[in-house]
Amino acid sequence: MTTISIRNVWKEYDERVVLERINLEIESRAFVALVGPSGCGKTTFLRMLLSEESPTRGEILIDGKPIAGEPTAERGVVFQRYSVFPHLTVLGNVLLALEFEKGGCFARLFGTARRKAIEEARAMLDCVGLGGNEKKYPAQLSGGMQQRLALAQTLIRKPKVLLLDEPFGALDPGIRGDIHALMRRLWNEEELTVVMVTHDLSEAFGLATRVIAFERPRLDPVDGDRYGAVIKDDIEVWPRRIAGQPSPHRDETKSITAPGRDDPAQDQGQARDDLALPA
Amino acid sequence: MRAINRQPRSGVRLLLGALPFVLVAILYLTGSALRLADNPQDKLLPALSTFAATIDRMAFTPDGRTGEILWWVDTAASLARLVVALAISTLISLVIGVAIGLLPHVKALLGSFVGVVSMVPPLAILPILFIVLGLGEPSKITLIIIGLAPVMIRDLALRTEELPRQQLIKAQTLGASTFGIVQRVVLPQILPRLLDSLRLSLGPAWLFLIAAEAIASESGLGYRIFLVRRYLAMDVILPYVAWITLLAFLMDFGLQKLQNRLFPWFAAARAA
Ligand SMILES: Nc1ncnc2c1ncn2[C@@H]1O[C@H](COP(=O)(O)OP(=O)(O)OP(=O)(O)O)[C@@H](O)[C@H]1O
Ligand SMILES: [Mg+2]
């Protein structure tokens with residue numbers, strides 16, 4: 001059970017207001033998609049949820065407690081790029097998460113503890129469809145596989161909150177369909193509250209339980225920097241998706257059980273069908 | 001076809017690579033032959049036979065006075081100084097460079113200091129080193145370290161700062177401590193870049209070594225070159241220069257191979 005409360009958050013850089021009056025209650029196990037025009041402050045918002053940046057005003061609470069002042073293991077993250085470590089193999093990347101957790105001050109595991117961790121890491125890699133690629137380095141993986149690896153590495157630490165910044169933005173549509181199916185499955189199976197930034201509305205409506213749109217309302221050409229973006233729309237996706245229960249959306253349940261590499265395009269079209277959004 | 005798209009075939013490639021070397025050799029040999037025909041006593045451009053005799057005398061015959069083979073004594077003395085200085089510079093720059101690149105407090109403390117120190121011309125303070133440390137080994141090694149370390153520190157600090165911010169954030173969300181991040185994320189990625197830095201430092205390292213040996217020494221490659229200069233002994237100087245060049249080239253080559261060997265992921269990651 002992990003709720004996130006954003007209370008009257010403002011973010012300013014020098015004289016420039018990026019976000020203002022952001023109020024948001026995110027319930028446990030929600031999947032929130034964050035959309036909005038480029039430069040409106042989506043990444044900035046996510047960085048505040050990560051504690052990489054702190055709000056100029058207002059506060060952010062997780063389960064009613066103010067978030068720590070620096071990134072912690074309760075909030076996992078996957079970025080669009082640079083989310084995995086290029087000097088470690090696929091297995092090494094996932095293992096590293098466990099070594100940071102249990103490896104003490106040298107962040108290394110030995111003997112039985114290491115064998116157990118390797119087993120756990122392999123299971124996680126199988127779960128995201130990377131079984132058999134353990135020995136490869138990230139540079140030898142396709143973009144989609146790298147993002148799967150980033151998800152595996154993050155999720156093995158069992159974060160309460162998963163933050164995603166355009167994680168699938170650089171992938172081509174076919175691959176994206178596959179990884180959407182994976183994302184749905186992970187959200188259903190793990191105890192996760194997800195906040196995902198995306199540019200793709202069909203992705204937002206195809207995955208999320210709730211879509212939040214940021215926009216900078218007052219476009220003042222002279223003094224455009226005085227007003228930040230606010231929440232313009234807050235749309236509950238209907239029919240409701242509920243974590244851990246079969247999806248009411250056609251075809252999605254199928255892709256939960258059988259993520260097929262060959263028929264991803266269907267999935268995409270499906271998502272686009274049921275997006276009843278005010279353009 | 002545009003010049004930028006025209007690739008030489010592999011045979012042509014080899015030939016082109018050899019061409020400058022062959023040209024220099026031909027120029028030397030004709031110049032040498034012309035001068036020697038003019039004056040058999042000429043010392044400026046010795047004939048190949050003279051080189052062979054000199055190399056045999058220097059590198060394979062014990063010196064009449066000391067019983068040592070000068071070539072190898074000089075090489076060992078120079079390499080010892082160079083290796084010790086390079087090792088110390090590497091260690092210093094690794095520790096301080098990573099600390100500056102990663103820790104805001106250390107950066108605030110040392111950033112501008114290192115920036116200023118790296119602008120001090122090392123050769124200008126060589127007299128100070130001789131006065132303070134005497135004429136022995138420490139002053140020569142210190143000169144090389146002063147010449148290399150500040151530049152290497154700045155390089156490694158920059159490389160550390162260049163690591164994508166996302167990686168450091170990601171490591172923190174996996175629960176890593178600062179020390180954990182240094183060991184498992186930063187150092188493994190900085191070490192191959194350290195080898196790059198070291199390769200680029202080889203040139204200045206030899207420069208400072210030879211300068212120090214030229215001024216005060218009893219052995220060493222630089223010492224020998226400057227000693228025989230008085231007798232216009234080009235037959236010694238040129239082989240020594242070639243030997244130094246070969247040594248430097250081999251060190252560079254070795255470091256490059258070492259990088260590929262130890263960090264197989266690096267070439268691909270750098271290209272990405
Ligand atoms: N560190 C910073 N210093 C100053 N201004 C910043 C900083 N970070 C972001 N900004 C500004 O804040 C605004 C929002 O940036 P942000 O990266 O959050 O946008 P975004 O919604 O993620 O855009 P995109 O969709 O293109 O990724 C931008 O105008 C940017 O110039
Ligand atoms: Mg962004």
# chains A, B, ... in the order shown; residues from 1 in each chain; ligands from 1
>>> residues_near_ligand(ligand="ligand 2", cutoff="9 Å", atoms="only C-alpha atoms and all ligand atoms", output="ChimeraX atom specification")
/A:38-44,46,165-166,197-198
>>> write_last_selection(atoms="C-alpha atoms", output="mmCIF file, in the first residue's frame")
data_model
loop_
_atom_site.group_PDB
_atom_site.id
_atom_site.type_symbol
_atom_site.label_atom_id
_atom_site.label_comp_id
_atom_site.auth_asym_id
_atom_site.auth_seq_id
_atom_site.Cartn_x
_atom_site.Cartn_y
_atom_site.Cartn_z
ATOM 1 C CA SER A 38 7.696 19.371 -24.512
ATOM 2 C CA GLY A 39 9.319 21.568 -21.891
ATOM 3 C CA CYS A 40 6.245 21.816 -19.671
ATOM 4 C CA GLY A 41 8.029 20.250 -16.717
ATOM 5 C CA LYS A 42 7.192 16.544 -16.760
ATOM 6 C CA THR A 43 10.775 15.488 -16.187
ATOM 7 C CA THR A 44 11.171 18.170 -13.546
ATOM 8 C CA LEU A 46 9.543 13.240 -11.864
ATOM 9 C CA ASP A 165 10.639 8.973 -17.788
ATOM 10 C CA GLU A 166 9.685 8.201 -21.382
ATOM 11 C CA VAL A 197 6.033 10.309 -18.256
ATOM 12 C CA THR A 198 5.216 9.779 -21.913
#
>>> residues_near_ligand(ligand="ligand 1", cutoff="12 Å", atoms="only C-alpha atoms and all ligand atoms", output="PyMOL selection string")
chain A and resi 10-20+34-48+52-54+79-80+164-167+169+196-200+213-216+224-230
>>> residues_around(residues="Gly76 in chain A", least_positions_apart="4", cutoff="6 Å", atoms="only C-alpha atoms", output="number ranges by chain")
A: 154, 159, 162; B: 173
>>> residues_around(residues="Arg7 in chain A", least_positions_apart="2", cutoff="6 Å", atoms="only C-alpha atoms", output="PyMOL selection string")
chain A and resi 9+23+58-59
>>> write_last_selection(atoms="N, CA and C atoms", output="PDB file, in the first residue's frame")
ATOM      1  N   VAL A   9       2.720  21.959  -4.866  1.00  0.00           N
ATOM      2  CA  VAL A   9       4.140  22.012  -5.214  1.00  0.00           C
ATOM      3  C   VAL A   9       4.395  23.035  -6.320  1.00  0.00           C
ATOM      4  N   ASN A  23      -1.276  19.878  -7.205  1.00  0.00           N
ATOM      5  CA  ASN A  23      -1.887  19.101  -6.135  1.00  0.00           C
ATOM      6  C   ASN A  23      -2.347  17.778  -6.707  1.00  0.00           C
ATOM      7  N   GLY A  58       5.879  23.804  -1.259  1.00  0.00           N
ATOM      8  CA  GLY A  58       5.017  22.641  -1.183  1.00  0.00           C
ATOM      9  C   GLY A  58       5.763  21.406  -0.723  1.00  0.00           C
ATOM     10  N   GLU A  59       5.036  20.274  -0.625  1.00  0.00           N
ATOM     11  CA  GLU A  59       5.701  19.071  -0.147  1.00  0.00           C
ATOM     12  C   GLU A  59       5.169  17.833  -0.844  1.00  0.00           C
TER      13      GLU A  59
END
>>> closest_residue(among="A:Ile175, A:Leu98, A:Ile235, A:Ile60", to="chain B", atoms="only C-alpha atoms")
A:Leu98
>>> interface_residues(of="chain A", to="chain B", cutoff="7 Å", atoms="only C-alpha atoms", output="MDAnalysis selection string")
chainID A and resid 71:73 75:77 82:83 85:87 97 100:101 105:107 137 139 154 157
>>> atom_distance(atom1="CA of Val73 in chain B", atom2="CA of Gly203 in chain B")
21.9 Å
>>> atom_distance(atom1="CA of Ile146 in chain B", atom2="CA of Asp196 in chain B")
18.9 Å
>>> select_by_dssp(residues="range 77-229 of chain A", states="alpha helix (DSSP H)", output="PyMOL selection string")
chain A and resi 90-102+111-127+143-155+173-189+201-207
>>> write_last_selection(atoms="C-alpha atoms", output="mmCIF file, in the first residue's frame")
data_model
loop_
_atom_site.group_PDB
_atom_site.id
_atom_site.type_symbol
_atom_site.label_atom_id
_atom_site.label_comp_id
_atom_site.auth_asym_id
_atom_site.auth_seq_id
_atom_site.Cartn_x
_atom_site.Cartn_y
_atom_site.Cartn_z
ATOM 1 C CA VAL A 90 23.228 -8.252 -18.225
ATOM 2 C CA LEU A 91 23.493 -10.574 -15.242
ATOM 3 C CA GLY A 92 25.990 -8.237 -13.553
ATOM 4 C CA ASN A 93 23.575 -5.332 -13.872
ATOM 5 C CA VAL A 94 20.768 -7.159 -12.085
ATOM 6 C CA LEU A 95 23.147 -8.700 -9.595
ATOM 7 C CA LEU A 96 24.507 -5.267 -8.733
ATOM 8 C CA ALA A 97 21.091 -4.259 -7.402
ATOM 9 C CA LEU A 98 21.224 -7.191 -4.968
ATOM 10 C CA GLU A 99 24.857 -6.511 -4.109
ATOM 11 C CA PHE A 100 24.030 -2.917 -3.206
ATOM 12 C CA GLU A 101 21.225 -4.271 -1.018
ATOM 13 C CA LYS A 102 22.973 -7.103 0.794
ATOM 14 C CA GLY A 111 29.730 -17.890 -1.678
ATOM 15 C CA THR A 112 26.195 -19.066 -0.998
ATOM 16 C CA ALA A 113 24.802 -15.553 -0.759
ATOM 17 C CA ARG A 114 26.170 -14.840 -4.210
ATOM 18 C CA ARG A 115 24.834 -18.075 -5.669
ATOM 19 C CA LYS A 116 21.402 -17.311 -4.269
ATOM 20 C CA ALA A 117 21.525 -13.784 -5.650
ATOM 21 C CA ILE A 118 22.528 -15.079 -9.089
ATOM 22 C CA GLU A 119 19.573 -17.457 -9.016
ATOM 23 C CA GLU A 120 17.245 -14.632 -8.091
ATOM 24 C CA ALA A 121 18.712 -12.393 -10.795
ATOM 25 C CA ARG A 122 18.302 -15.118 -13.433
ATOM 26 C CA ALA A 123 14.674 -15.599 -12.452
ATOM 27 C CA MET A 124 14.111 -11.862 -12.822
ATOM 28 C CA LEU A 125 15.792 -11.860 -16.248
ATOM 29 C CA ASP A 126 13.574 -14.737 -17.365
ATOM 30 C CA CYS A 127 10.583 -12.774 -16.123
ATOM 31 C CA GLY A 143 17.061 -0.589 -27.224
ATOM 32 C CA GLY A 144 14.050 -2.630 -26.143
ATOM 33 C CA MET A 145 16.198 -5.246 -24.425
ATOM 34 C CA GLN A 146 18.141 -2.528 -22.617
ATOM 35 C CA GLN A 147 14.894 -1.135 -21.219
ATOM 36 C CA ARG A 148 13.800 -4.617 -20.153
ATOM 37 C CA LEU A 149 17.113 -4.931 -18.369
ATOM 38 C CA ALA A 150 16.611 -1.548 -16.707
ATOM 39 C CA LEU A 151 13.185 -2.706 -15.493
ATOM 40 C CA ALA A 152 14.595 -5.978 -14.179
ATOM 41 C CA GLN A 153 17.397 -4.202 -12.344
ATOM 42 C CA THR A 154 14.971 -1.768 -10.749
ATOM 43 C CA LEU A 155 12.238 -4.231 -9.862
ATOM 44 C CA PRO A 173 6.328 0.583 -32.373
ATOM 45 C CA GLY A 174 6.634 -3.200 -32.729
ATOM 46 C CA ILE A 175 9.052 -3.571 -29.843
ATOM 47 C CA ARG A 176 7.004 -1.108 -27.847
ATOM 48 C CA GLY A 177 3.919 -3.326 -28.019
ATOM 49 C CA ASP A 178 5.883 -6.190 -26.471
ATOM 50 C CA ILE A 179 7.301 -4.127 -23.701
ATOM 51 C CA HIS A 180 3.882 -2.597 -22.959
ATOM 52 C CA ALA A 181 2.585 -6.107 -22.378
ATOM 53 C CA LEU A 182 5.502 -6.719 -20.034
ATOM 54 C CA MET A 183 4.834 -3.446 -18.249
ATOM 55 C CA ARG A 184 1.173 -4.383 -17.728
ATOM 56 C CA ARG A 185 2.145 -7.747 -16.366
ATOM 57 C CA LEU A 186 4.719 -6.307 -13.960
ATOM 58 C CA TRP A 187 2.262 -3.717 -12.714
ATOM 59 C CA ASN A 188 -0.297 -6.447 -12.129
ATOM 60 C CA GLU A 189 2.095 -8.769 -10.332
ATOM 61 C CA LEU A 201 -1.168 9.354 -25.770
ATOM 62 C CA SER A 202 -2.035 5.850 -26.924
ATOM 63 C CA GLU A 203 0.657 4.531 -24.604
ATOM 64 C CA ALA A 204 -0.751 6.631 -21.771
ATOM 65 C CA PHE A 205 -4.306 5.378 -22.258
ATOM 66 C CA GLY A 206 -3.167 1.870 -23.095
ATOM 67 C CA LEU A 207 -1.324 1.357 -19.811
#
>>> residues_around(residues="Glu137 in chain B", least_positions_apart="6", cutoff="12 Å", atoms="only C-alpha atoms", output="PyMOL selection string")
chain B and resi 77-78+80-82+84-85+129-130+143-144+209+212-213+216-220
>>> write_last_selection(atoms="all heavy atoms", output="compact mmCIF listing (two decimals), in the first residue's frame")
# COMPACT_ATOMS: atom_id res chain seq x y z
N ALA B 77 67.95 2.88 -15.83
CA ALA B 77 67.84 4.06 -14.97
C ALA B 77 66.65 4.93 -15.38
O ALA B 77 65.83 5.34 -14.56
CB ALA B 77 69.13 4.87 -15.02
N SER B 78 66.54 5.16 -16.70
CA SER B 78 65.46 6.02 -17.18
C SER B 78 64.10 5.38 -16.95
O SER B 78 63.16 6.03 -16.48
CB SER B 78 65.63 6.31 -18.67
OG SER B 78 66.68 7.23 -18.87
N ALA B 80 63.23 3.16 -14.78
CA ALA B 80 62.88 3.10 -13.36
C ALA B 80 62.27 4.43 -12.94
O ALA B 80 61.21 4.47 -12.29
CB ALA B 80 64.11 2.78 -12.53
N ARG B 81 62.93 5.54 -13.30
CA ARG B 81 62.40 6.86 -12.95
C ARG B 81 61.01 7.05 -13.55
O ARG B 81 60.07 7.50 -12.87
CB ARG B 81 63.31 7.95 -13.48
CG ARG B 81 64.64 8.02 -12.76
CD ARG B 81 65.62 8.96 -13.45
NE ARG B 81 66.94 8.77 -12.85
CZ ARG B 81 68.07 8.73 -13.53
NH1 ARG B 81 68.06 8.88 -14.85
NH2 ARG B 81 69.21 8.54 -12.91
N LEU B 82 60.89 6.70 -14.81
CA LEU B 82 59.63 6.94 -15.51
C LEU B 82 58.49 6.14 -14.89
O LEU B 82 57.40 6.66 -14.63
CB LEU B 82 59.80 6.56 -16.98
CG LEU B 82 58.75 7.10 -17.93
CD1 LEU B 82 58.93 8.59 -18.11
CD2 LEU B 82 58.83 6.40 -19.28
N VAL B 84 58.24 4.73 -11.89
CA VAL B 84 57.87 5.18 -10.54
C VAL B 84 57.04 6.45 -10.62
O VAL B 84 55.98 6.58 -9.99
CB VAL B 84 59.14 5.41 -9.69
CG1 VAL B 84 58.78 6.11 -8.38
CG2 VAL B 84 59.84 4.10 -9.41
N ALA B 85 57.49 7.40 -11.44
CA ALA B 85 56.77 8.67 -11.55
C ALA B 85 55.37 8.47 -12.12
O ALA B 85 54.40 9.05 -11.63
CB ALA B 85 57.55 9.65 -12.40
N LEU B 129 63.30 22.48 -7.27
CA LEU B 129 63.35 21.07 -6.87
C LEU B 129 64.77 20.64 -6.57
O LEU B 129 65.04 19.94 -5.59
CB LEU B 129 62.75 20.18 -7.97
CG LEU B 129 61.27 20.36 -8.25
CD1 LEU B 129 60.82 19.42 -9.36
CD2 LEU B 129 60.47 20.09 -6.98
N PHE B 130 65.71 21.07 -7.43
CA PHE B 130 67.10 20.70 -7.20
C PHE B 130 67.61 21.30 -5.89
O PHE B 130 68.35 20.66 -5.15
CB PHE B 130 67.98 21.16 -8.38
CG PHE B 130 67.84 20.27 -9.59
CD1 PHE B 130 67.87 20.80 -10.86
CD2 PHE B 130 67.69 18.90 -9.45
CE1 PHE B 130 67.75 19.99 -11.99
CE2 PHE B 130 67.57 18.07 -10.56
CZ PHE B 130 67.60 18.62 -11.84
N LEU B 143 59.73 16.07 -10.49
CA LEU B 143 59.47 16.92 -11.66
C LEU B 143 58.42 16.28 -12.58
O LEU B 143 57.47 16.93 -12.99
CB LEU B 143 60.76 17.16 -12.46
CG LEU B 143 60.51 17.93 -13.76
CD1 LEU B 143 60.23 19.39 -13.46
CD2 LEU B 143 61.66 17.78 -14.74
N ILE B 144 58.61 15.00 -12.83
CA ILE B 144 57.65 14.32 -13.73
C ILE B 144 56.26 14.34 -13.10
O ILE B 144 55.26 14.62 -13.76
CB ILE B 144 58.10 12.87 -14.01
CG1 ILE B 144 59.49 12.88 -14.63
CG2 ILE B 144 57.10 12.18 -14.92
CD1 ILE B 144 60.07 11.50 -14.86
N LEU B 209 61.37 13.77 -18.11
CA LEU B 209 62.44 12.86 -17.72
C LEU B 209 63.76 13.27 -18.36
O LEU B 209 64.79 13.41 -17.69
CB LEU B 209 62.08 11.43 -18.13
CG LEU B 209 63.20 10.41 -17.91
CD1 LEU B 209 63.36 10.16 -16.41
CD2 LEU B 209 62.94 9.11 -18.64
N ALA B 212 65.16 16.54 -17.01
CA ALA B 212 65.78 16.42 -15.69
C ALA B 212 67.11 15.69 -15.80
O ALA B 212 68.10 16.09 -15.16
CB ALA B 212 64.84 15.66 -14.75
N GLU B 213 67.17 14.65 -16.62
CA GLU B 213 68.41 13.89 -16.76
C GLU B 213 69.49 14.72 -17.45
O GLU B 213 70.68 14.59 -17.14
CB GLU B 213 68.16 12.61 -17.58
CG GLU B 213 67.38 11.57 -16.82
CD GLU B 213 67.14 10.30 -17.65
OE1 GLU B 213 67.31 10.34 -18.88
OE2 GLU B 213 66.77 9.29 -17.04
N ALA B 216 70.95 17.20 -14.48
CA ALA B 216 71.71 16.64 -13.37
C ALA B 216 71.49 15.14 -13.29
O ALA B 216 70.41 14.69 -12.94
CB ALA B 216 71.26 17.28 -12.05
N SER B 217 72.52 14.38 -13.66
CA SER B 217 72.38 12.94 -13.58
C SER B 217 73.72 12.28 -13.83
O SER B 217 74.65 12.91 -14.33
CB SER B 217 71.36 12.47 -14.63
OG SER B 217 70.80 11.26 -14.24
N GLU B 218 73.82 10.98 -13.49
CA GLU B 218 75.01 10.22 -13.83
C GLU B 218 74.68 9.05 -14.74
O GLU B 218 75.54 8.29 -15.13
CB GLU B 218 75.71 9.67 -12.58
CG GLU B 218 76.45 10.72 -11.78
CD GLU B 218 75.54 11.33 -10.73
OE1 GLU B 218 74.90 10.56 -10.00
OE2 GLU B 218 75.45 12.57 -10.67
N SER B 219 73.40 8.90 -15.01
CA SER B 219 72.99 7.83 -15.91
C SER B 219 71.63 8.18 -16.49
O SER B 219 71.00 9.12 -16.04
CB SER B 219 72.91 6.50 -15.16
OG SER B 219 71.91 6.60 -14.17
N GLY B 220 71.23 7.41 -17.46
CA GLY B 220 69.93 7.66 -18.07
C GLY B 220 70.08 7.99 -19.54
O GLY B 220 71.13 8.46 -19.98
>>> atom_distance(atom1="CA of Pro121 in chain B", atom2="CA of Thr142 in chain B")
13.4 Å
>>> residues_around(residues="Val120 in chain B", least_positions_apart="5", cutoff="10 Å", atoms="only C-alpha atoms", output="list in words")
Gly115, Ile125, Ile146, Gly147 and Pro150 of chain B
>>> write_last_selection(atoms="all heavy atoms", output="short mmCIF file (atom, residue, chain, number, x, y, z; two decimals), in the first residue's frame")
data_model
loop_
_atom_site.label_atom_id
_atom_site.label_comp_id
_atom_site.auth_asym_id
_atom_site.auth_seq_id
_atom_site.Cartn_x
_atom_site.Cartn_y
_atom_site.Cartn_z
N GLY B 115 43.37 23.64 -10.67
CA GLY B 115 43.35 24.41 -11.90
C GLY B 115 44.54 25.35 -12.00
O GLY B 115 45.18 25.46 -13.03
N ILE B 125 60.12 25.34 -12.31
CA ILE B 125 60.39 25.11 -10.89
C ILE B 125 61.42 23.99 -10.69
O ILE B 125 61.71 23.58 -9.57
CB ILE B 125 59.10 24.78 -10.10
CG1 ILE B 125 58.38 23.59 -10.72
CG2 ILE B 125 58.19 25.97 -10.00
CD1 ILE B 125 57.25 23.12 -9.83
N ILE B 146 55.00 16.44 -10.93
CA ILE B 146 54.41 17.78 -10.98
C ILE B 146 53.95 18.11 -12.38
O ILE B 146 52.95 18.80 -12.59
CB ILE B 146 55.44 18.82 -10.47
CG1 ILE B 146 55.63 18.66 -8.97
CG2 ILE B 146 54.98 20.24 -10.80
CD1 ILE B 146 56.67 19.57 -8.39
N GLY B 147 54.68 17.59 -13.36
CA GLY B 147 54.28 17.85 -14.74
C GLY B 147 53.01 17.10 -15.14
O GLY B 147 52.19 17.61 -15.89
N PRO B 150 48.74 17.20 -12.15
CA PRO B 150 47.62 18.15 -12.21
C PRO B 150 46.77 18.00 -13.47
O PRO B 150 45.54 18.04 -13.40
CB PRO B 150 48.32 19.52 -12.20
CG PRO B 150 49.64 19.26 -11.57
CD PRO B 150 50.02 17.88 -11.99
#
